[in-house]
Structures are given as C-alpha cells and as structure tokens.
$ cat entry_9.tsv   # TSV, C-alpha atoms
chain	number	residue	atom	x	y	z
A	844	MET	CA	-86.74	-46.06	67.26
A	845	THR	CA	-89.92	-48.02	66.77
A	846	VAL	CA	-93.30	-46.62	65.86
A	847	LYS	CA	-94.52	-47.23	69.42
A	848	GLU	CA	-91.81	-44.90	70.76
A	849	VAL	CA	-92.83	-41.89	68.65
A	850	SER	CA	-95.03	-39.28	70.27
A	851	ARG	CA	-97.38	-36.81	68.60
A	852	GLU	CA	-95.24	-34.04	70.07
A	853	GLN	CA	-92.20	-35.35	68.17
A	854	ILE	CA	-94.23	-35.42	64.98
A	855	TYR	CA	-95.53	-31.89	65.53
A	856	LYS	CA	-91.98	-30.62	66.10
A	857	ALA	CA	-90.79	-32.30	62.90
A	858	ILE	CA	-93.66	-30.70	60.97
A	859	GLU	CA	-92.74	-27.28	62.34
A	860	THR	CA	-89.23	-27.62	60.85
A	861	LEU	CA	-90.54	-28.60	57.42
A	862	PRO	CA	-90.28	-25.88	54.76
A	863	GLU	CA	-93.65	-24.37	53.90
A	864	GLU	CA	-93.46	-25.55	50.27
A	865	ARG	CA	-93.22	-29.21	51.40
A	866	LEU	CA	-96.47	-29.11	53.41
A	867	PRO	CA	-98.72	-30.13	50.47
A	868	GLU	CA	-96.59	-33.28	49.99
A	869	LEU	CA	-96.83	-34.07	53.69
A	870	LEU	CA	-100.59	-33.59	53.68
A	871	HIS	CA	-100.94	-35.89	50.66
A	872	PHE	CA	-98.83	-38.53	52.37
A	873	LEU	CA	-100.80	-38.28	55.61
A	874	GLU	CA	-104.12	-38.50	53.79
A	875	GLY	CA	-102.86	-41.67	52.12
A	876	LEU	CA	-101.91	-43.15	55.49
A	877	VAL	CA	-105.33	-42.33	56.92
A	878	GLU	CA	-107.08	-43.82	53.90
A	879	ALA	CA	-104.94	-46.96	54.03
A	880	HIS	CA	-105.61	-47.33	57.73
A	881	GLU	CA	-109.35	-47.08	57.12
A	882	THR	CA	-109.50	-49.42	54.14
A	883	LEU	CA	-106.85	-52.09	54.71
A	884	PRO	CA	-107.12	-55.11	56.95
A	885	ALA	CA	-105.12	-54.78	60.16
A	886	ASP	CA	-102.56	-57.34	58.97
A	887	ALA	CA	-102.00	-55.82	55.50
A	888	VAL	CA	-98.41	-55.00	54.62
A	889	PRO	CA	-98.04	-51.20	54.03
A	890	LEU	CA	-95.45	-51.73	51.28
A	891	TYR	CA	-98.24	-53.08	49.07
A	892	GLN	CA	-99.75	-49.59	49.17
A	893	VAL	CA	-96.59	-47.71	48.13
A	894	HIS	CA	-98.16	-46.83	44.77
A	895	ARG	CA	-100.51	-44.45	46.58
A	896	HIS	CA	-97.55	-42.17	47.26
A	897	ALA	CA	-96.17	-42.17	43.72
A	898	ILE	CA	-95.27	-38.88	42.13
A	899	SER	CA	-94.89	-37.94	38.50
A	900	THR	CA	-91.26	-37.40	37.54
A	901	GLY	CA	-91.94	-36.51	33.92
A	902	ILE	CA	-89.42	-39.20	32.88
A	903	PRO	CA	-91.32	-41.58	30.57
A	904	ASP	CA	-88.65	-44.31	30.51
A	905	LEU	CA	-87.76	-44.24	34.22
A	906	ALA	CA	-88.83	-47.82	34.92
A	907	HIS	CA	-86.91	-49.23	31.94
A	908	GLN	CA	-83.84	-47.03	32.34
A	909	HIS	CA	-83.66	-46.78	36.15
A	910	ASP	CA	-79.98	-47.82	36.22
A	911	HIS	CA	-79.17	-44.88	33.97
A	912	TYR	CA	-81.00	-42.39	36.18
A	913	LEU	CA	-79.86	-43.86	39.50
A	914	TYR	CA	-76.27	-44.85	38.76
A	915	GLY	CA	-75.34	-42.99	35.57
A	916	LEU	CA	-74.95	-46.15	33.47
A	917	GLU	CA	-75.48	-46.03	29.70
A	918	LYS	CA	-79.10	-46.32	28.63
A	919	ARG	CA	-80.17	-49.81	27.59
A	920	ASN	CA	-81.54	-50.53	24.12
A	921	ALA	CA	-85.28	-50.99	23.97
$ encode --input "entry_9.tsv" --output "structure tokens"
Amino acid sequence: MTVKEVSREQIYKAIETLPEERLPELLHFLEGLVEAHETLPADAVPLYQVHRHAISTGIPDLAHQHDHYLYGLEKRNA
C-alpha cells in the first residue's frame, strides 16, 4: 500500500484500536510530522528527521553496545 492509497478513515480506524496509553506517543509522532512538513523543503528525505522521534531508553551505552541489546552478543570492551 502506498501513501496515496491511505484514507483518513483508515487512519481514524487505526487510532480507535490503539490502546489509550499509547495516544501520547501517537500525538508526539504526529506533531513531529506536522512540524517537519511545515519546515522541510518538499524534496527533503524524511529519514533525515528520524531524530525528532527519538525516545529515551535509559540505556547509556546503547549506541556502543547495540549488538548486545539487539542480538544478545557479549558486550564489547570500551
């Protein structure tokens, strides 16, 4: 399915099935999309704005030890 094939009705139905506790995350994501749409040039690649949707995991070494957290490998030496 492409973006052009998605209707607002489909989006509304998906939102209705979302658990109540996930709505703040959805709102934050949507606000980021609106902001990006308003501030980015039309040809800007959305992936370059992925940092706007980052969340805090509380794991200080996540970037360095991502293989450990993703795949269960031994932690690397610093």
$ residues_around --input "entry_9.tsv" --residues "Gln908 of chain A" --least-positions-apart "5" --cutoff "12 Å" --atoms "only C-alpha atoms" --output "tab-separated table (two decimals) with C-alpha atoms, in the frame of the given file"
chain	number	residue	atom	x	y	z
A	902	ILE	CA	-89.42	-39.20	32.88
A	903	PRO	CA	-91.32	-41.58	30.57
A	913	LEU	CA	-79.86	-43.86	39.50
A	914	TYR	CA	-76.27	-44.85	38.76
A	915	GLY	CA	-75.34	-42.99	35.57
A	916	LEU	CA	-74.95	-46.15	33.47
A	917	GLU	CA	-75.48	-46.03	29.70
A	918	LYS	CA	-79.10	-46.32	28.63
A	919	ARG	CA	-80.17	-49.81	27.59
A	920	ASN	CA	-81.54	-50.53	24.12
A	921	ALA	CA	-85.28	-50.99	23.97
$ axis_aligned_box --input "entry_9.tsv" --around "segment 899-902 of chain A" --padding-each-side "4 Å" --output "AutoDock Vina command-line options"
--center_x -92.2 --center_y -37.9 --center_z 35.7 --size_x 13.5 --size_y 10.7 --size_z 13.6
$ atom_distance --input "entry_9.tsv" --atom1 "atom CA of His896 of chain A" --atom2 "atom CA of Phe872 of chain A"
6.4 Å
$ atom_distance --input "entry_9.tsv" --atom1 "atom CA of Pro867 of chain A" --atom2 "atom CA of His880 of chain A"
19.9 Å
$ atom_distance --input "entry_9.tsv" --atom1 "atom CA of Glu874 of chain A" --atom2 "atom CA of Thr900 of chain A"
20.8 Å
$ closest_residue --input "entry_9.tsv" --among "A:Ile858, A:Ala897, A:Tyr912, A:Ala906" --to "His871 of chain A" --atoms "only C-alpha atoms"
A:Ala897
$ closest_residue --input "entry_9.tsv" --among "A:Gly901, A:Leu883, A:His894, A:Ile854" --to "Leu869 of chain A" --atoms "all atoms listed in the file"
A:Ile854
$ residues_near_point --input "entry_9.tsv" --point "(-99.9, -46.1, 52.2)" --cutoff "9 Å" --atoms "all atoms listed in the file" --output "number ranges by chain"
A: 872-880, 889-896
$ build_atoms --input "entry_9.tsv" --residues "segment 902-917 of chain A" --atoms "N, CA and C atoms" --output "short mmCIF file (atom, residue, chain, number, x, y, z; two decimals), in the frame of the given file"
data_model
loop_
_atom_site.label_atom_id
_atom_site.label_comp_id
_atom_site.auth_asym_id
_atom_site.auth_seq_id
_atom_site.Cartn_x
_atom_site.Cartn_y
_atom_site.Cartn_z
N ILE A 902 -90.41 -38.39 33.61
CA ILE A 902 -89.42 -39.20 32.88
C ILE A 902 -90.15 -40.45 32.38
N PRO A 903 -90.49 -40.48 31.08
CA PRO A 903 -91.32 -41.58 30.57
C PRO A 903 -90.66 -42.95 30.59
N ASP A 904 -89.31 -43.01 30.54
CA ASP A 904 -88.65 -44.31 30.51
C ASP A 904 -87.96 -44.64 31.84
N LEU A 905 -88.41 -44.05 32.92
CA LEU A 905 -87.76 -44.24 34.22
C LEU A 905 -87.72 -45.70 34.65
N ALA A 906 -88.81 -46.42 34.50
CA ALA A 906 -88.83 -47.82 34.92
C ALA A 906 -87.84 -48.65 34.11
N HIS A 907 -87.80 -48.44 32.81
CA HIS A 907 -86.91 -49.23 31.94
C HIS A 907 -85.45 -48.81 32.09
N GLN A 908 -85.20 -47.54 32.30
CA GLN A 908 -83.84 -47.03 32.34
C GLN A 908 -83.40 -46.59 33.74
N HIS A 909 -83.94 -47.21 34.78
CA HIS A 909 -83.66 -46.78 36.15
C HIS A 909 -82.17 -46.82 36.49
N ASP A 910 -81.42 -47.77 35.95
CA ASP A 910 -79.98 -47.82 36.22
C ASP A 910 -79.27 -46.58 35.67
N HIS A 911 -79.74 -46.09 34.55
CA HIS A 911 -79.17 -44.88 33.97
C HIS A 911 -79.41 -43.68 34.89
N TYR A 912 -80.65 -43.54 35.36
CA TYR A 912 -81.00 -42.39 36.18
C TYR A 912 -80.46 -42.49 37.61
N LEU A 913 -80.37 -43.69 38.13
CA LEU A 913 -79.86 -43.86 39.50
C LEU A 913 -78.34 -43.88 39.58
N TYR A 914 -77.71 -44.59 38.64
CA TYR A 914 -76.27 -44.85 38.76
C TYR A 914 -75.43 -44.26 37.63
N GLY A 915 -76.08 -43.62 36.66
CA GLY A 915 -75.34 -42.99 35.57
C GLY A 915 -74.84 -43.96 34.51
N LEU A 916 -75.35 -45.18 34.49
CA LEU A 916 -74.95 -46.15 33.47
C LEU A 916 -75.52 -45.74 32.11
N GLU A 917 -74.95 -46.29 31.04
CA GLU A 917 -75.48 -46.03 29.70
C GLU A 917 -76.92 -46.54 29.62
#
